[in-house]
$ cat protein.txt   # compact mmCIF, C-alpha atoms
# COMPACT_ATOMS: atom_id res chain seq x y z
CA GLY A 1 21.04 -39.63 111.37
CA ASP A 2 19.43 -39.59 107.98
CA SER A 3 20.84 -41.83 105.29
CA VAL A 4 20.15 -43.12 101.78
CA THR A 5 21.23 -46.50 100.50
CA GLN A 6 21.31 -47.26 96.78
CA MET A 7 22.10 -50.47 95.01
CA GLU A 8 25.74 -50.71 94.05
CA GLY A 9 26.55 -50.39 90.42
CA PRO A 10 27.51 -50.43 87.73
CA VAL A 11 24.37 -51.67 86.06
CA THR A 12 24.59 -52.69 82.41
CA LEU A 13 21.42 -53.27 80.41
CA SER A 14 20.53 -53.81 76.81
CA GLU A 15 18.41 -51.22 75.05
CA GLU A 16 14.67 -51.63 75.74
CA ALA A 17 15.30 -53.61 78.94
CA PHE A 18 13.42 -52.87 82.16
CA LEU A 19 15.29 -50.84 84.74
CA THR A 20 15.03 -50.87 88.51
CA ILE A 21 17.45 -49.03 90.77
CA ASN A 22 16.72 -49.66 94.42
CA CYS A 23 16.80 -46.89 96.99
CA THR A 24 15.96 -47.15 100.67
CA TYR A 25 16.22 -44.46 103.27
CA THR A 26 16.41 -43.84 106.99
CA ALA A 27 14.96 -40.62 108.29
CA THR A 28 13.08 -39.20 111.21
CA GLY A 29 9.92 -37.36 110.36
CA TYR A 30 8.59 -37.06 106.83
CA PRO A 31 11.28 -36.43 104.26
CA SER A 32 10.90 -35.46 100.63
CA LEU A 33 12.57 -37.83 98.20
CA PHE A 34 14.36 -37.15 94.93
CA TRP A 35 16.11 -38.82 92.04
CA TYR A 36 18.86 -36.90 90.29
CA VAL A 37 20.66 -37.88 87.10
CA GLN A 38 24.20 -36.96 86.11
CA TYR A 39 25.24 -37.38 82.49
CA PRO A 40 28.97 -37.71 81.79
CA GLY A 41 30.89 -34.53 82.50
CA GLU A 42 27.84 -32.60 83.63
CA GLY A 43 26.19 -31.44 86.82
CA LEU A 44 23.18 -33.11 88.42
CA GLN A 45 19.70 -32.66 87.07
CA LEU A 46 16.54 -33.33 88.99
CA LEU A 47 14.78 -36.28 87.42
CA LEU A 48 11.74 -36.60 89.68
CA LYS A 49 10.56 -36.08 93.21
CA ALA A 50 7.88 -37.04 95.74
CA THR A 51 7.04 -35.07 98.84
CA LYS A 52 4.73 -37.40 100.76
CA ALA A 53 3.90 -41.05 101.20
CA ASP A 54 2.30 -42.80 98.20
CA ASP A 55 3.22 -39.95 95.85
CA LYS A 56 4.55 -41.09 92.50
CA GLY A 57 7.13 -38.94 90.77
CA SER A 58 7.54 -39.37 87.03
CA ASN A 59 9.54 -37.81 84.22
CA LYS A 60 10.94 -38.94 80.85
CA GLY A 61 9.49 -42.42 81.31
CA PHE A 62 11.05 -42.85 84.76
CA GLU A 63 8.88 -43.42 87.81
CA ALA A 64 9.39 -43.79 91.55
CA THR A 65 6.82 -44.22 94.32
CA TYR A 66 7.34 -42.99 97.88
CA ARG A 67 6.72 -46.07 100.04
CA LYS A 68 6.70 -45.15 103.70
CA GLU A 69 5.98 -48.69 104.89
CA THR A 70 9.12 -50.03 103.25
CA THR A 71 11.08 -46.73 103.41
CA SER A 72 11.84 -47.05 99.72
CA PHE A 73 11.87 -44.93 96.57
CA HIS A 74 12.91 -47.30 93.80
CA LEU A 75 13.50 -45.86 90.33
CA GLU A 76 11.96 -47.72 87.38
CA LYS A 77 11.74 -47.38 83.63
CA GLY A 78 10.00 -49.78 81.34
CA SER A 79 12.32 -49.51 78.35
CA VAL A 80 15.74 -47.91 78.64
CA GLN A 81 17.59 -46.20 75.84
CA VAL A 82 21.27 -45.67 75.20
CA SER A 83 20.75 -42.00 76.07
CA ASP A 84 19.75 -43.03 79.62
CA SER A 85 23.35 -44.00 80.36
CA ALA A 86 24.29 -41.88 83.35
CA VAL A 87 24.79 -41.94 87.10
CA TYR A 88 21.59 -41.84 89.16
CA PHE A 89 21.46 -40.45 92.69
CA CYS A 90 18.70 -40.97 95.21
CA ALA A 91 18.39 -38.19 97.79
CA LEU A 92 16.23 -37.11 100.68
CA LEU A 93 15.44 -33.77 102.23
CA PRO A 94 14.49 -34.14 105.87
CA GLY A 95 11.44 -32.40 107.23
CA ALA A 96 10.85 -28.93 108.55
CA GLY A 97 13.86 -26.70 109.03
CA SER A 98 16.23 -28.73 106.85
CA TYR A 99 18.66 -27.17 104.43
CA GLN A 100 20.66 -30.16 103.30
CA LEU A 101 20.02 -33.00 100.95
CA THR A 102 21.35 -36.41 101.91
CA PHE A 103 22.53 -38.29 98.83
CA GLY A 104 23.08 -41.93 98.11
CA LYS A 105 26.41 -42.90 96.57
CA GLY A 106 25.02 -43.08 93.05
CA THR A 107 24.41 -45.93 90.63
CA LYS A 108 26.08 -45.92 87.24
CA LEU A 109 23.86 -47.18 84.43
CA SER A 110 25.23 -48.20 81.06
CA VAL A 111 22.80 -49.07 78.28
CA ILE A 112 24.22 -50.94 75.31
CA PRO A 113 22.60 -51.10 71.85
CA SER B 1 13.74 -18.36 84.90
CA GLN B 2 16.59 -19.20 87.21
CA THR B 3 20.06 -20.15 86.04
CA ILE B 4 23.24 -21.10 87.82
CA HIS B 5 26.72 -20.54 86.46
CA GLN B 6 30.07 -21.92 87.50
CA TRP B 7 33.51 -21.04 86.28
CA PRO B 8 35.93 -22.06 85.27
CA ALA B 9 34.68 -25.27 83.71
CA THR B 10 38.05 -26.97 84.04
CA LEU B 11 41.17 -26.10 85.95
CA VAL B 12 44.60 -27.65 86.31
CA GLN B 13 46.63 -26.33 89.23
CA PRO B 14 49.93 -27.31 90.87
CA VAL B 15 50.07 -28.48 94.46
CA GLY B 16 50.42 -25.56 96.84
CA SER B 17 48.79 -23.01 94.55
CA PRO B 18 45.68 -21.02 95.52
CA LEU B 19 42.18 -21.72 94.29
CA SER B 20 39.10 -19.66 93.58
CA LEU B 21 35.95 -21.15 92.09
CA GLU B 22 32.95 -18.97 91.48
CA CYS B 23 29.26 -19.69 91.39
CA THR B 24 26.48 -17.24 90.60
CA VAL B 25 22.73 -17.65 90.48
CA GLU B 26 20.36 -15.53 88.42
CA GLY B 27 16.61 -15.10 88.59
CA THR B 28 16.07 -15.65 92.29
CA SER B 29 16.80 -13.87 95.53
CA ASN B 30 18.04 -15.07 98.91
CA PRO B 31 18.74 -18.63 97.76
CA ASN B 32 20.37 -21.29 99.87
CA LEU B 33 23.72 -22.06 98.25
CA TYR B 34 25.82 -25.19 98.42
CA TRP B 35 29.26 -26.46 97.42
CA TYR B 36 29.74 -30.18 96.82
CA ARG B 37 32.75 -32.20 95.77
CA GLN B 38 32.56 -35.40 93.78
CA ALA B 39 35.76 -37.41 93.74
CA ALA B 40 36.33 -39.82 90.86
CA GLY B 41 33.95 -42.77 91.08
CA ARG B 42 32.44 -41.60 94.34
CA GLY B 43 29.32 -39.89 95.56
CA LEU B 44 28.68 -36.31 96.53
CA GLN B 45 30.28 -34.75 99.57
CA LEU B 46 28.72 -31.57 100.91
CA LEU B 47 31.47 -29.05 101.69
CA PHE B 48 29.66 -25.82 102.58
CA TYR B 49 26.20 -24.38 102.60
CA SER B 50 24.93 -20.86 103.09
CA ILE B 51 21.48 -19.59 103.97
CA GLY B 52 22.43 -15.93 103.60
CA ILE B 53 25.24 -13.44 103.16
CA ASP B 54 27.96 -14.12 105.73
CA GLN B 55 26.08 -17.21 106.95
CA ILE B 56 28.18 -20.15 105.92
CA SER B 57 28.36 -23.59 107.48
CA SER B 58 31.24 -25.96 106.93
CA GLU B 59 30.49 -29.64 106.79
CA VAL B 60 33.97 -31.07 106.46
CA PRO B 61 37.10 -29.59 108.06
CA GLN B 62 39.76 -29.16 105.39
CA ASN B 63 41.90 -26.61 103.66
CA LEU B 64 38.99 -25.15 101.73
CA SER B 65 36.91 -22.12 102.62
CA ALA B 66 33.79 -20.50 101.23
CA SER B 67 32.53 -16.95 101.07
CA ARG B 68 29.34 -15.28 99.97
CA PRO B 69 30.13 -11.65 99.17
CA GLN B 70 26.76 -11.07 97.49
CA ASP B 71 23.34 -12.66 97.80
CA ARG B 72 23.70 -14.73 94.65
CA GLN B 73 27.44 -15.31 94.58
CA PHE B 74 29.24 -18.16 96.28
CA ILE B 75 33.01 -18.62 96.13
CA LEU B 76 35.11 -21.64 97.05
CA SER B 77 38.73 -20.93 97.90
CA SER B 78 41.93 -22.47 99.07
CA LYS B 79 45.25 -20.91 99.99
CA LYS B 80 47.25 -24.04 99.17
CA LEU B 81 45.88 -26.90 97.12
CA LEU B 82 46.55 -30.53 97.97
CA LEU B 83 46.56 -33.48 95.58
CA SER B 84 43.48 -34.77 97.37
CA ASP B 85 41.57 -31.63 96.37
CA SER B 86 41.22 -32.96 92.83
CA GLY B 87 37.64 -33.65 91.88
CA PHE B 88 34.47 -32.31 90.35
CA TYR B 89 33.08 -29.33 92.25
CA LEU B 90 29.39 -28.64 92.05
CA CYS B 91 27.52 -25.59 93.18
CA ALA B 92 23.80 -25.79 93.87
CA TRP B 93 21.00 -23.49 94.93
CA LYS B 94 17.66 -23.99 96.57
CA GLY B 95 14.77 -21.58 97.02
CA GLY B 96 14.82 -20.49 100.62
CA GLN B 97 11.07 -20.20 101.03
CA SER B 98 9.75 -23.71 100.56
CA LEU B 99 10.86 -26.62 102.67
CA TYR B 100 10.21 -29.02 99.81
CA ASN B 101 12.11 -27.33 97.05
CA GLU B 102 14.75 -29.35 95.33
CA GLN B 103 18.32 -28.22 94.78
CA PHE B 104 19.41 -27.13 91.32
CA PHE B 105 22.96 -27.80 90.29
CA GLY B 106 25.43 -25.93 88.18
CA PRO B 107 27.48 -27.52 85.39
CA GLY B 108 30.46 -28.12 87.68
CA THR B 109 34.19 -27.38 87.67
CA ARG B 110 36.67 -30.17 87.01
CA LEU B 111 39.75 -29.50 89.15
CA THR B 112 42.96 -31.44 88.67
CA VAL B 113 45.79 -30.83 91.12
CA LEU B 114 49.18 -32.01 89.90

$ encode --input "protein.txt" --output "structure tokens"
Amino acid sequence: GDSVTQMEGPVTLSEEAFLTINCTYTATGYPSLFWYVQYPGEGLQLLLKATKADDKGSNKGFEATYRKETTSFHLEKGSVQVSDSAVYFCALLPGAGSYQLTFGKGTKLSVIP
Amino acid sequence: SQTIHQWPATLVQPVGSPLSLECTVEGTSNPNLYWYRQAAGRGLQLLFYSIGIDQISSEVPQNLSASRPQDRQFILSSKKLLLSDSGFYLCAWKGGQSLYNEQFFGPGTRLTVL
């Protein structure tokens, strides 16, 4: 079946550090890929998405590129801020006829001043 | 624009008591609707999803049930809560037309069973 594997957290970085959160997936067909962010005590918000190979999703300084050859969708940000502290979820939506997202387990990011 | 509401925001219930959590979506029609649970320090577990009124699929057998009495209303219920039902419950919706639409999440309900 479909699955998403994220790097285990927690990840602690200093402000202005470079961030990478790894995400790899297993899926049949051509899934769409997503990153969601969950701030403390809140629901999930869509951060970015990519619907086909080589697409780059970007938002709020975050980027992720859909790499079909490595089945990856790593999240990156060049300079993190304290306000980026949150849990990040990688997810995939399988191809035609799918209703369900498959989520990774989440990676908690803490950014310290 | 579309919005999704959940209530209550927080709930503390004794073991064995009933449960009813409500989710409503505004600004769209015939959405796919989802209930997830997030236990402390863990990922998301899909509980139920619905592609239409009276069309509900259960992902995990348990003492919870879901109903969709109206197109944009999704209710999560239990007749008798267990300690293990504690967690953060998230409702989500997705536009039913496009295969590539993302899910949009509500603010969640924090349930503590004592």

$ interface_residues --input "protein.txt" --of "chain B" --to "chain A" --cutoff "6 Å" --atoms "only C-alpha atoms" --output "JSON, numbers by chain"
{"B": [43, 105, 106, 107, 108]}

$ write_last_selection --input "protein.txt" --atoms "C-alpha atoms" --output "JSON list (two decimals), in the frame of the given file"
[["chain", "number", "residue", "atom", "x", "y", "z"],
["B", 43, "GLY", "CA", 29.32, -39.89, 95.56],
["B", 105, "PHE", "CA", 22.96, -27.80, 90.29],
["B", 106, "GLY", "CA", 25.43, -25.93, 88.18],
["B", 107, "PRO", "CA", 27.48, -27.52, 85.39],
["B", 108, "GLY", "CA", 30.46, -28.12, 87.68]]

$ atom_distance --input "protein.txt" --atom1 "CA of Thr3 in chain B" --atom2 "CA of Thr24 in chain B"
8.4 Å

$ atom_distance --input "protein.txt" --atom1 "CA of Ser83 in chain A" --atom2 "CA of Asn59 in chain A"
14.5 Å

$ atom_distance --input "protein.txt" --atom1 "CA of Gln38 in chain A" --atom2 "CA of Ser110 in chain A"
12.4 Å

$ closest_residue --input "protein.txt" --among "B:Ser77, B:Ser84, B:Ser1, B:Thr109" --to "Leu19 in chain B" --atoms "only C-alpha atoms"
B:Ser77

$ closest_residue --input "protein.txt" --among "A:Thr71, A:Ser85, A:Ser79, A:Thr65" --to "Gly29 in chain A" --atoms "all atoms listed in the file"
A:Thr71

$ residues_around --input "protein.txt" --residues "Thr10 in chain B" --least-positions-apart "5" --cutoff "10 Å" --atoms "only C-alpha atoms" --output "list of chain:residue names"
B:Phe88, B:Tyr89, B:Gly108, B:Thr109, B:Arg110, B:Leu111, B:Thr112

$ residues_around --input "protein.txt" --residues "Asp54 in chain B" --least-positions-apart "2" --cutoff "9 Å" --atoms "all atoms listed in the file" --output "VMD selection string"
chain B and resid 50 to 52 56 67 to 70

$ residues_around --input "protein.txt" --residues "Tyr36 in chain B" --least-positions-apart "3" --cutoff "8 Å" --atoms "only C-alpha atoms" --output "ChimeraX atom specification"
/B:44-48,89-92

$ residues_around --input "protein.txt" --residues "Phe73 in chain A" --least-positions-apart "2" --cutoff "9 Å" --atoms "only C-alpha atoms" --output "VMD selection string"
chain A and resid 22 to 25 33 to 35 50 64 to 68 70 to 71 75 90

$ residues_around --input "protein.txt" --residues "Glu63 in chain A" --least-positions-apart "3" --cutoff "9 Å" --atoms "all atoms listed in the file" --output "short mmCIF file (atom, residue, chain, number, x, y, z; two decimals) with C-alpha atoms, in the coordinates of the input"
data_model
loop_
_atom_site.label_atom_id
_atom_site.label_comp_id
_atom_site.auth_asym_id
_atom_site.auth_seq_id
_atom_site.Cartn_x
_atom_site.Cartn_y
_atom_site.Cartn_z
CA LEU A 48 11.74 -36.60 89.68
CA LYS A 56 4.55 -41.09 92.50
CA GLY A 57 7.13 -38.94 90.77
CA SER A 58 7.54 -39.37 87.03
CA ASN A 59 9.54 -37.81 84.22
CA LYS A 60 10.94 -38.94 80.85
CA HIS A 74 12.91 -47.30 93.80
CA LEU A 75 13.50 -45.86 90.33
CA GLU A 76 11.96 -47.72 87.38
CA LYS A 77 11.74 -47.38 83.63
#

$ closest_residue --input "protein.txt" --among "B:Ala39, B:Ser57, B:Leu114, B:Pro31" --to "Asn101 in chain B" --atoms "all atoms listed in the file"
B:Pro31

$ closest_residue --input "protein.txt" --among "B:Ile75, B:Asn63, B:Leu33, B:Pro8" --to "Lys94 in chain B" --atoms "all atoms listed in the file"
B:Leu33
